[in-house]
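**Q** What follows is run23.tsv, made up of TSV, C-alpha atoms and all ligand atoms:
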```
chain	number	residue	atom	x	y	z
A	3	MET	CA	7.09	-35.03	-11.14
A	4	SER	CA	7.84	-34.34	-14.76
A	5	GLY	CA	6.29	-31.09	-15.91
A	6	LEU	CA	5.27	-27.91	-14.13
A	7	ARG	CA	3.15	-27.63	-11.03
A	8	VAL	CA	2.24	-24.19	-9.72
A	9	ALA	CA	0.28	-24.05	-6.50
A	10	GLY	CA	-0.12	-20.70	-4.85
A	11	ARG	CA	-2.30	-18.80	-2.42
A	12	VAL	CA	-2.06	-15.02	-2.51
A	13	ASP	CA	-4.33	-13.66	0.22
A	14	GLU	CA	-4.22	-9.99	-0.76
A	15	ARG	CA	-5.56	-10.91	-4.21
A	16	ASP	CA	-7.90	-13.69	-3.06
A	17	VAL	CA	-6.15	-16.16	-5.35
A	18	ASP	CA	-5.75	-19.80	-4.37
A	19	ALA	CA	-5.13	-22.07	-7.30
A	20	GLU	CA	-3.12	-24.96	-8.61
A	21	LEU	CA	-2.08	-25.49	-12.22
A	22	ILE	CA	-0.52	-28.71	-13.41
A	23	VAL	CA	1.11	-28.99	-16.82
A	24	PRO	CA	2.45	-32.39	-17.83
A	25	GLN	CA	5.90	-32.28	-19.40
A	26	GLY	CA	5.79	-31.08	-23.01
A	27	ARG	CA	2.15	-30.01	-22.93
A	28	VAL	CA	0.57	-26.59	-23.37
A	29	LEU	CA	-1.99	-25.50	-20.79
A	30	ALA	CA	-4.12	-22.45	-21.62
A	31	VAL	CA	-5.36	-20.53	-18.59
A	32	ILE	CA	-8.45	-18.51	-19.30
A	33	GLY	CA	-10.87	-16.50	-17.19
A	34	PRO	CA	-12.42	-13.07	-16.72
A	35	ASN	CA	-10.35	-9.94	-16.06
A	36	GLY	CA	-8.95	-9.92	-12.55
A	37	ALA	CA	-9.52	-13.66	-12.07
A	38	GLY	CA	-5.91	-14.34	-11.11
A	39	LYS	CA	-4.27	-15.61	-14.30
A	40	SER	CA	-1.31	-13.20	-14.27
A	41	THR	CA	-0.90	-13.76	-10.55
A	42	MET	CA	-0.36	-17.47	-11.19
A	43	LEU	CA	2.22	-16.66	-13.89
A	44	GLN	CA	4.01	-14.36	-11.44
A	45	VAL	CA	4.09	-17.15	-8.87
A	46	ALA	CA	5.43	-19.59	-11.47
A	47	SER	CA	8.13	-17.22	-12.71
A	48	GLY	CA	9.27	-16.29	-9.21
A	49	LEU	CA	8.25	-12.63	-9.49
A	50	LEU	CA	5.77	-13.06	-6.66
A	51	LEU	CA	6.20	-15.04	-3.46
A	52	PRO	CA	2.80	-16.46	-2.49
A	53	ASP	CA	1.56	-16.63	1.10
A	54	ALA	CA	1.52	-20.39	0.76
A	55	GLY	CA	2.39	-22.68	-2.08
A	56	ARG	CA	4.88	-24.63	-4.06
A	57	VAL	CA	6.26	-24.49	-7.58
A	58	GLU	CA	7.95	-27.53	-9.03
A	59	LEU	CA	9.47	-28.03	-12.49
A	60	ASP	CA	10.62	-31.47	-13.62
A	61	GLY	CA	11.29	-32.46	-10.03
A	62	ARG	CA	13.14	-29.25	-9.08
A	63	VAL	CA	11.53	-27.30	-6.27
A	64	LEU	CA	11.50	-23.63	-7.29
A	65	THR	CA	9.25	-22.29	-4.57
A	66	ASP	CA	8.31	-23.87	-1.27
A	67	VAL	CA	6.98	-21.29	1.11
A	68	GLU	CA	6.98	-23.57	4.14
A	69	ALA	CA	10.56	-24.67	3.55
A	70	GLY	CA	11.65	-21.09	2.79
A	71	ILE	CA	12.71	-21.91	-0.77
A	72	GLN	CA	12.42	-19.28	-3.52
A	73	VAL	CA	14.78	-19.84	-6.45
A	74	PRO	CA	15.44	-16.44	-8.09
A	75	VAL	CA	13.78	-15.62	-11.41
A	76	HIS	CA	16.91	-16.01	-13.56
A	77	ARG	CA	17.77	-19.43	-12.12
A	78	ARG	CA	14.37	-21.06	-12.54
A	79	ARG	CA	14.84	-21.96	-16.21
A	80	ILE	CA	11.38	-20.63	-16.95
A	81	GLY	CA	10.98	-18.32	-19.93
A	82	LEU	CA	8.36	-15.57	-19.90
A	83	LEU	CA	6.95	-13.83	-22.95
A	84	ALA	CA	4.60	-10.99	-22.11
A	85	GLN	CA	2.13	-9.02	-24.25
A	86	SER	CA	4.89	-6.88	-25.63
A	87	GLY	CA	8.18	-8.56	-25.02
A	88	LEU	CA	10.64	-6.09	-23.57
A	89	LEU	CA	13.94	-5.82	-25.40
A	90	PHE	CA	17.09	-3.93	-24.52
A	91	ARG	CA	16.56	-0.93	-26.77
A	92	HIS	CA	20.24	0.00	-26.97
A	93	LEU	CA	21.33	-3.48	-28.12
A	94	SER	CA	21.09	-4.98	-31.58
A	95	VAL	CA	18.53	-7.70	-32.22
A	96	LEU	CA	21.31	-10.29	-32.28
A	97	ASP	CA	22.78	-9.16	-28.96
A	98	ASN	CA	19.33	-9.14	-27.37
A	99	VAL	CA	18.87	-12.79	-28.28
A	100	ALA	CA	22.47	-13.70	-27.41
A	101	PHE	CA	21.96	-12.27	-23.93
A	102	GLY	CA	20.51	-15.47	-22.44
A	103	PRO	CA	23.18	-17.92	-23.62
A	104	ARG	CA	25.87	-15.35	-22.81
A	105	SER	CA	24.69	-14.96	-19.22
A	106	GLN	CA	24.65	-18.74	-18.92
A	107	GLY	CA	28.36	-18.75	-19.68
A	108	ALA	CA	28.46	-19.33	-23.46
A	109	SER	CA	31.31	-17.67	-25.36
A	110	ARG	CA	30.46	-14.57	-27.36
A	111	HIS	CA	30.77	-16.51	-30.61
A	112	SER	CA	28.68	-19.48	-29.54
A	113	ALA	CA	26.00	-17.21	-27.98
A	114	ARG	CA	25.72	-15.34	-31.25
A	115	THR	CA	25.47	-18.58	-33.24
A	116	THR	CA	22.67	-19.80	-30.98
A	117	ALA	CA	20.96	-16.41	-31.27
A	118	LEU	CA	21.08	-16.50	-35.03
A	119	GLU	CA	19.61	-20.00	-35.10
A	120	TRP	CA	16.69	-18.85	-32.99
A	121	LEU	CA	16.13	-15.74	-35.09
A	122	GLU	CA	15.97	-18.03	-38.10
A	123	ARG	CA	13.48	-20.31	-36.41
A	124	VAL	CA	11.14	-17.44	-35.64
A	125	GLY	CA	11.56	-16.08	-39.16
A	126	VAL	CA	13.43	-12.81	-38.59
A	127	ALA	CA	17.12	-13.67	-39.15
A	128	GLU	CA	17.47	-10.69	-41.47
A	129	LEU	CA	16.82	-8.34	-38.55
A	130	ALA	CA	19.89	-9.55	-36.61
A	131	PRO	CA	22.07	-6.42	-37.07
A	132	ARG	CA	19.25	-3.93	-36.55
A	133	PRO	CA	18.93	-1.85	-33.38
A	134	SER	CA	15.98	-3.29	-31.50
A	135	ARG	CA	14.38	0.12	-31.00
A	136	GLU	CA	13.60	0.22	-34.74
A	137	LEU	CA	11.36	-2.87	-34.80
A	138	SER	CA	7.64	-3.02	-35.42
A	139	GLY	CA	5.44	-4.60	-32.76
A	140	GLY	CA	5.24	-7.92	-34.57
A	141	GLN	CA	8.98	-8.07	-35.26
A	142	ALA	CA	9.79	-7.15	-31.65
A	143	GLN	CA	7.51	-9.91	-30.39
A	144	ARG	CA	9.27	-12.51	-32.57
A	145	VAL	CA	12.66	-11.29	-31.38
A	146	ALA	CA	11.46	-11.40	-27.77
A	147	LEU	CA	10.33	-14.99	-28.33
A	148	ALA	CA	13.71	-15.90	-29.82
A	149	ARG	CA	15.40	-14.28	-26.84
A	150	THR	CA	13.27	-16.24	-24.40
A	151	LEU	CA	13.89	-19.55	-26.18
A	152	ALA	CA	17.63	-18.96	-26.72
A	153	ALA	CA	18.04	-19.23	-22.95
A	154	SER	CA	16.80	-22.86	-23.39
A	155	PRO	CA	14.12	-22.75	-20.71
A	156	ASP	CA	12.58	-25.95	-19.34
A	157	ALA	CA	9.16	-24.28	-19.33
A	158	LEU	CA	7.58	-21.32	-21.06
A	159	LEU	CA	5.01	-18.81	-19.83
A	160	LEU	CA	3.10	-16.87	-22.47
A	161	ASP	CA	1.08	-13.92	-21.19
A	162	GLU	CA	-1.32	-12.69	-23.89
A	163	PRO	CA	1.42	-13.13	-26.54
A	164	THR	CA	-0.64	-11.99	-29.54
A	165	SER	CA	-3.01	-9.45	-28.00
A	166	ALA	CA	-0.97	-6.34	-28.85
A	167	LEU	CA	-0.67	-7.28	-32.52
A	168	ASP	CA	-2.99	-6.72	-35.45
A	169	VAL	CA	-4.82	-9.71	-36.87
A	170	ARG	CA	-2.41	-10.65	-39.67
A	171	VAL	CA	0.72	-10.18	-37.62
A	172	ALA	CA	-0.86	-12.15	-34.76
A	173	ALA	CA	-1.59	-15.02	-37.15
A	174	GLY	CA	2.07	-15.19	-38.19
A	175	LEU	CA	3.28	-15.16	-34.61
A	176	ARG	CA	0.74	-17.83	-33.67
A	177	GLN	CA	2.23	-20.11	-36.30
A	178	VAL	CA	5.72	-19.53	-34.92
A	179	LEU	CA	4.45	-20.19	-31.40
A	180	THR	CA	2.85	-23.45	-32.50
A	181	GLU	CA	6.29	-24.65	-33.65
A	182	ALA	CA	8.13	-23.20	-30.68
A	183	THR	CA	5.89	-24.73	-28.03
A	184	ARG	CA	5.93	-28.23	-29.51
A	185	GLY	CA	7.26	-30.47	-26.76
A	186	LEU	CA	7.91	-27.54	-24.40
A	187	THR	CA	6.01	-27.39	-21.12
A	188	THR	CA	4.01	-24.18	-21.48
A	189	ILE	CA	1.38	-22.11	-19.72
A	190	LEU	CA	-0.48	-19.76	-22.03
A	191	VAL	CA	-2.69	-16.98	-20.71
A	192	SER	CA	-4.93	-15.66	-23.45
A	193	HIS	CA	-8.37	-14.28	-24.20
A	194	ASP	CA	-7.94	-15.20	-27.84
A	195	LEU	CA	-9.87	-18.24	-28.98
A	196	LEU	CA	-7.48	-18.75	-31.90
A	197	ASP	CA	-4.44	-18.81	-29.59
A	198	ILE	CA	-6.19	-21.36	-27.44
A	199	VAL	CA	-7.37	-23.73	-30.14
A	200	SER	CA	-4.12	-23.60	-32.08
A	201	LEU	CA	-1.72	-23.89	-29.15
A	202	ALA	CA	-3.30	-25.51	-26.13
A	203	ASP	CA	-3.59	-29.22	-25.33
A	204	GLU	CA	-5.54	-28.43	-22.18
A	205	VAL	CA	-7.50	-25.52	-20.79
A	206	ALA	CA	-7.92	-24.42	-17.18
A	207	VAL	CA	-10.58	-21.84	-16.33
A	208	ILE	CA	-9.92	-19.51	-13.40
A	209	GLU	CA	-12.77	-17.53	-11.87
A	210	ASN	CA	-12.41	-15.47	-8.69
A	211	GLY	CA	-8.96	-16.82	-8.03
A	212	ARG	CA	-10.01	-20.49	-8.18
A	213	VAL	CA	-9.70	-23.11	-10.91
A	214	VAL	CA	-13.30	-23.99	-11.78
A	215	GLU	CA	-12.73	-26.23	-14.76
A	216	GLN	CA	-9.82	-28.02	-16.40
A	217	GLY	CA	-9.60	-30.52	-19.23
A	218	GLU	CA	-8.59	-31.24	-22.81
A	219	THR	CA	-9.12	-28.18	-25.02
A	220	ALA	CA	-11.67	-29.87	-27.26
A	221	ARG	CA	-13.68	-31.02	-24.25
A	222	VAL	CA	-13.64	-27.67	-22.42
A	223	LEU	CA	-14.65	-25.72	-25.51
A	224	GLY	CA	-17.00	-28.38	-26.84
A	225	ARG	CA	-18.70	-29.23	-23.58
A	226	PRO	CA	-17.85	-26.41	-21.21
A	227	THR	CA	-18.97	-26.57	-17.61
A	228	SER	CA	-18.02	-23.02	-16.66
A	229	SER	CA	-19.83	-19.91	-17.81
A	230	PHE	CA	-16.60	-18.35	-18.95
A	231	ALA	CA	-15.59	-21.23	-21.23
A	232	ALA	CA	-19.13	-21.40	-22.63
A	233	GLY	CA	-19.04	-17.70	-23.41
A	234	LEU	CA	-15.66	-18.04	-25.11
A	235	ALA	CA	-16.79	-21.01	-27.14
A	236	GLY	CA	-19.99	-19.18	-28.04
A	237	VAL	CA	-22.38	-21.86	-26.83
A	238	ASN	CA	-25.43	-21.89	-24.57
A	239	LEU	CA	-24.73	-23.52	-21.25
A	240	VAL	CA	-27.76	-24.38	-19.16
A	241	ARG	CA	-27.62	-25.80	-15.69
A	242	GLY	CA	-30.36	-28.02	-14.35
A	243	ARG	CA	-31.31	-31.23	-12.61
A	244	LEU	CA	-31.38	-34.63	-14.23
A	245	ASP	CA	-34.87	-35.90	-14.92
A	246	GLY	CA	-34.71	-39.27	-16.62
A	247	THR	CA	-32.31	-38.58	-19.46
A	248	ASP	CA	-33.28	-34.93	-19.72
A	249	ALA	CA	-32.31	-31.76	-17.96
A	250	LEU	CA	-35.02	-30.15	-15.90
A	251	ILE	CA	-34.60	-26.41	-15.59
A	252	GLY	CA	-36.41	-24.31	-13.04
A	253	GLU	CA	-40.17	-24.17	-13.40
A	254	GLY	CA	-40.87	-27.37	-15.30
A	255	LEU	CA	-38.89	-26.51	-18.43
A	256	HIS	CA	-37.47	-29.71	-19.87
A	257	ILE	CA	-34.47	-29.81	-22.17
A	258	HIS	CA	-34.36	-33.07	-24.05
A	259	GLY	CA	-30.85	-34.10	-24.90
A	260	ILE	CA	-28.34	-36.85	-25.26
A	261	PRO	CA	-26.46	-37.71	-22.06
A	262	GLU	CA	-22.73	-37.69	-22.80
A	263	ASP	CA	-21.66	-39.67	-19.80
A	264	GLU	CA	-23.09	-41.23	-16.68
A	265	PRO	CA	-23.79	-38.16	-14.53
A	266	ALA	CA	-22.57	-38.80	-11.01
A	267	GLY	CA	-25.12	-36.62	-9.27
A	268	ASP	CA	-28.38	-34.95	-9.91
A	269	GLU	CA	-26.91	-31.78	-11.27
A	270	VAL	CA	-26.34	-31.60	-15.02
A	271	LEU	CA	-25.34	-29.17	-17.73
A	272	ALA	CA	-26.85	-28.92	-21.19
A	273	VAL	CA	-24.74	-27.45	-23.98
A	274	ILE	CA	-26.57	-26.13	-27.05
A	275	ARG	CA	-24.82	-24.52	-30.02
A	276	PRO	CA	-26.55	-21.31	-31.15
A	277	SER	CA	-26.43	-22.54	-34.75
A	278	SER	CA	-28.48	-25.63	-33.88
A	279	ILE	CA	-31.48	-23.61	-32.69
A	280	VAL	CA	-34.15	-22.84	-35.26
A	281	VAL	CA	-36.13	-19.62	-34.85
A	282	SER	CA	-39.66	-19.28	-36.24
A	283	LEU	CA	-42.69	-17.03	-35.81
A	284	SER	CA	-45.23	-19.82	-35.46
A	285	ARG	CA	-45.01	-23.16	-33.74
A	286	PRO	CA	-42.72	-25.30	-35.93
A	287	GLU	CA	-44.06	-28.51	-37.39
A	288	SER	CA	-40.67	-30.18	-37.17
A	289	SER	CA	-39.90	-33.35	-35.25
A	290	ALA	CA	-37.60	-31.44	-32.89
A	291	ARG	CA	-38.30	-32.50	-29.33
A	292	ASN	CA	-37.35	-29.18	-27.83
A	293	VAL	CA	-39.85	-26.50	-28.77
A	294	TRP	CA	-40.07	-23.39	-26.62
A	295	GLN	CA	-41.91	-20.14	-26.88
A	296	GLY	CA	-39.90	-17.04	-26.18
A	297	GLN	CA	-39.37	-13.39	-26.79
A	298	VAL	CA	-36.51	-11.70	-28.61
A	299	ASN	CA	-34.37	-9.78	-26.20
A	300	VAL	CA	-31.62	-8.44	-28.40
A	301	LEU	CA	-30.20	-8.95	-31.91
A	302	GLU	CA	-26.46	-8.90	-32.56
A	303	PRO	CA	-24.68	-8.89	-35.90
A	304	LEU	CA	-22.38	-11.82	-36.70
A	305	PRO	CA	-19.94	-12.00	-39.64
A	306	HIS	CA	-22.39	-14.21	-41.56
A	307	GLY	CA	-25.74	-13.73	-39.91
A	308	ILE	CA	-27.52	-12.55	-36.81
A	309	ARG	CA	-27.38	-13.80	-33.24
A	310	VAL	CA	-30.82	-13.72	-31.64
A	311	ARG	CA	-30.89	-13.64	-27.86
A	312	ALA	CA	-34.31	-14.68	-26.67
A	313	ASP	CA	-35.86	-15.11	-23.25
A	314	VAL	CA	-37.35	-18.55	-22.73
A	315	GLY	CA	-38.84	-18.73	-19.25
A	316	GLN	CA	-35.98	-17.67	-17.00
A	317	LEU	CA	-33.33	-18.55	-19.57
A	318	GLU	CA	-31.71	-16.43	-22.20
A	319	LEU	CA	-30.74	-18.53	-25.18
A	320	ALA	CA	-28.62	-17.49	-28.15
A	321	ALA	CA	-29.65	-18.69	-31.61
A	322	ASP	CA	-27.72	-17.91	-34.79
A	323	ILE	CA	-29.71	-17.40	-37.97
A	324	THR	CA	-28.76	-16.32	-41.49
A	325	THR	CA	-29.21	-12.75	-42.60
A	326	ALA	CA	-31.83	-13.97	-45.10
A	327	SER	CA	-33.95	-15.59	-42.38
A	328	ALA	CA	-33.57	-12.53	-40.21
A	329	ALA	CA	-34.95	-10.40	-43.05
A	330	GLU	CA	-37.79	-12.84	-43.64
A	331	LEU	CA	-38.73	-13.06	-39.96
A	332	LYS	CA	-38.44	-9.29	-39.40
A	333	LEU	CA	-37.30	-9.82	-35.85
A	334	ALA	CA	-36.97	-7.00	-33.36
A	335	PRO	CA	-36.60	-6.88	-29.58
A	336	GLY	CA	-39.95	-7.95	-28.14
A	337	THR	CA	-40.99	-10.19	-31.08
A	338	ARG	CA	-42.64	-13.41	-29.88
A	339	VAL	CA	-40.81	-16.38	-31.38
A	340	TRP	CA	-40.55	-20.13	-31.21
A	341	LEU	CA	-37.19	-21.77	-30.69
A	342	SER	CA	-36.67	-25.40	-31.56
A	343	VAL	CA	-33.74	-27.75	-31.35
A	344	LYS	CA	-33.37	-31.47	-31.84
A	345	ALA	CA	-32.54	-33.58	-28.82
A	346	GLN	CA	-29.51	-34.94	-30.69
A	347	GLU	CA	-28.11	-31.42	-30.77
A	348	VAL	CA	-28.15	-31.05	-27.00
A	349	ALA	CA	-25.29	-32.56	-25.01
A	350	ILE	CA	-26.14	-33.27	-21.40
A	351	SER	CA	-23.32	-34.00	-18.99
A	352	GLY	CA	-22.76	-34.34	-15.28
A	353	VAL	CA	-21.18	-31.60	-13.23
A	354	SER	CA	-17.67	-32.69	-12.29
A	355	ALA	CA	-15.78	-31.77	-9.16
A	356	HIS	CA	-13.92	-29.08	-11.10
A	357	SER	CA	-17.00	-27.35	-12.42
A	358	ALA	CA	-18.81	-24.63	-10.62
A	359	PRO	CA	-20.81	-22.72	-13.18
A	360	SER	CA	-22.23	-19.51	-11.84
A	361	SER	CA	-25.79	-19.68	-10.67
A	362	GLY	CA	-27.13	-18.14	-13.87
A	363	VAL	CA	-28.52	-20.43	-16.44
A	364	THR	CA	-27.06	-19.32	-19.70
A	365	ALA	CA	-23.75	-18.11	-20.89
A	366	SER	CA	-23.30	-17.42	-24.49
A	367	GLY	CA	-21.52	-15.01	-26.72
A	368	ALA	CA	-19.02	-14.73	-29.48
B	401	LIG	N1	0.30	-5.79	-7.95
B	401	LIG	C1	-0.88	-6.08	-7.39
B	401	LIG	N2	-1.12	-5.77	-6.11
B	401	LIG	C2	-2.29	-6.06	-5.52
B	401	LIG	N3	-3.31	-6.66	-6.14
B	401	LIG	C3	-3.15	-6.99	-7.42
B	401	LIG	C4	-1.92	-6.72	-8.13
B	401	LIG	N4	-2.04	-7.17	-9.38
B	401	LIG	C5	-3.27	-7.70	-9.47
B	401	LIG	N5	-3.95	-7.58	-8.31
B	401	LIG	C6	-5.32	-8.06	-8.01
B	401	LIG	O1	-5.28	-9.47	-7.98
B	401	LIG	C7	-6.44	-10.03	-8.59
B	401	LIG	C8	-6.01	-10.94	-9.72
B	401	LIG	O2	-5.40	-10.16	-10.74
B	401	LIG	P1	-4.65	-10.77	-12.00
B	401	LIG	O3	-3.90	-9.64	-12.64
B	401	LIG	O4	-3.90	-11.95	-11.59
B	401	LIG	O5	-5.90	-11.19	-12.90
B	401	LIG	P2	-5.92	-11.65	-14.43
B	401	LIG	O6	-6.79	-12.84	-14.46
B	401	LIG	O7	-4.55	-11.78	-14.95
B	401	LIG	O8	-6.67	-10.44	-15.12
B	401	LIG	P3	-6.52	-9.79	-16.60
B	401	LIG	O9	-7.18	-10.73	-17.55
B	401	LIG	O10	-7.28	-8.51	-16.46
B	401	LIG	O11	-5.05	-9.61	-16.85
B	401	LIG	C9	-7.29	-8.87	-9.03
B	401	LIG	O12	-8.24	-8.62	-8.04
B	401	LIG	C10	-6.30	-7.73	-9.11
B	401	LIG	O13	-6.94	-6.49	-8.87
```
Have the structure of the file written as structure tokens, please.
Ligand SMILES: Nc1ncnc2c1ncn2[C@@H]1O[C@H](COP(=O)(O)OP(=O)(O)OP(=O)(O)O)[C@@H](O)[C@H]1O

**A**
Amino acid sequence: MSGLRVAGRVDERDVDAELIVPQGRVLAVIGPNGAGKSTMLQVASGLLLPDAGRVELDGRVLTDVEAGIQVPVHRRRIGLLAQSGLLFRHLSVLDNVAFGPRSQGASRHSARTTALEWLERVGVAELAPRPSRELSGGQAQRVALARTLAASPDALLLDEPTSALDVRVAAGLRQVLTEATRGLTTILVSHDLLDIVSLADEVAVIENGRVVEQGETARVLGRPTSSFAAGLAGVNLVRGRLDGTDALIGEGLHIHGIPEDEPAGDEVLAVIRPSSIVVSLSRPESSARNVWQGQVNVLEPLPHGIRVRADVGQLELAADITTASAAELKLAPGTRVWLSVKAQEVAISGVSAHSAPSSGVTASGA
């Protein structure tokens, strides 16, 4: 196959997952802490031999446990950039980046030329003569990226590449990464929504060592079927049974929505954006088909408003309102409220084979 396939079972860590990245695409792997994301990167890079599994890159078998194959890390042609890329502190920036081509047999001159080209591409050519121990975090991360790419890997693994950097520096690196990953088969592990939306073509969600959801980035974040993806995307995800064209939740609570596809089974998911829910103190006289009575559970500040988390039956729904409406409504935990949302604002979809949302009903959050 063309691209990267990483299948691994690591019993001690209760991880058993398979990631497939088509050639030239970027797959983001997301999931809660301890879910197994780094473990899968370790299996891909050859740092960890799984109990069972196989790693294949563009048709080359890099790991095959049954056949006793484990190609060593430096021969896999897979580049790894971690949270804070480690550099050789005693070498200059240029020599750090020239290290890869040099160890692949390039002459000193040609390795340095390649290194300089990469430093230019990541925007830090002027740092070439500097000792690498003098770099700031953001500079060091760009140099580490140049070093990884100068070894001309066939695939790239990015492990939380921007998480150690402050917001502005992270934004600059993200831009460089967008360029660098174009056309390069890449797995990105990140908790950062901006990394994911700007870099990833597809997203896989790992929970408890298993892939529970995978698909195009826009689909996974727009219509998530796992609690984790819903939480990351900041939407309400409600699981129920199909009743006509609506979702039926628990004790007779109907959610009227628009079915997105032909649900295969009875089980469906409704996705509701917090900003599409209207909060009022008395029953609204709108034409919205979903009108529920609830009670404010907690209020959270947002950059441009307030997120109201309210209990509706056994659900907790998040609704985002402006600061002005919050002041007008004088909401507090315990306030009885009405929540309303138009059916057109509710996407109802079937539960696919890859989705196993946790038994709860709602996941939401910034
Ligand atoms: N070196 C190790 N030895 C044994 N168990 C480990 C080791 N590293 C991780 N684990 C365990 O394996 C499981 C998966 O961990 P992993 O680091 O892959 O998760 P993760 O999704 O990358 O988490 P995070 O987002 O916190 O980095 C966890 O239960 C973890 O405690």

**Q** Residues up to 10 Å from ligand LIG 401 (chain B), counting only C-alpha atoms and all ligand atoms: could you list those as an NGL selection string?

**A** :A and (12-17 or 31-45 or 50 or 161-162 or 191-193 or 207-211)

**Q** Write out as a VMD selection string the residues lying within 12 Å of Glu136 of chain A, counting only C-alpha atoms and excluding same-chain residues fewer than 2 positions away.

**A** chain A and resid 89 to 95 129 to 134 138 to 142

**Q** Residues near Leu83 of chain A, anyone? I mean within 8 Å using all atoms listed in the file, not counting same-chain ones fewer than 3 positions away, as a list in words.

**A**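 With the cut-off at 8 Å, the set is Ser86, Gly87, Ala146, Leu147, Thr150, Leu158, Leu159, Leu160, Asp161 and Pro163 of chain A.
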
**Q** Suppose you want the space between atom CA of Arg149 of chain A and atom CA of Gly107 of chain A; what is it in Å?

**A**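 Atom CA of Gly107 of chain A lies 15.5 Å from atom CA of Arg149 of chain A.
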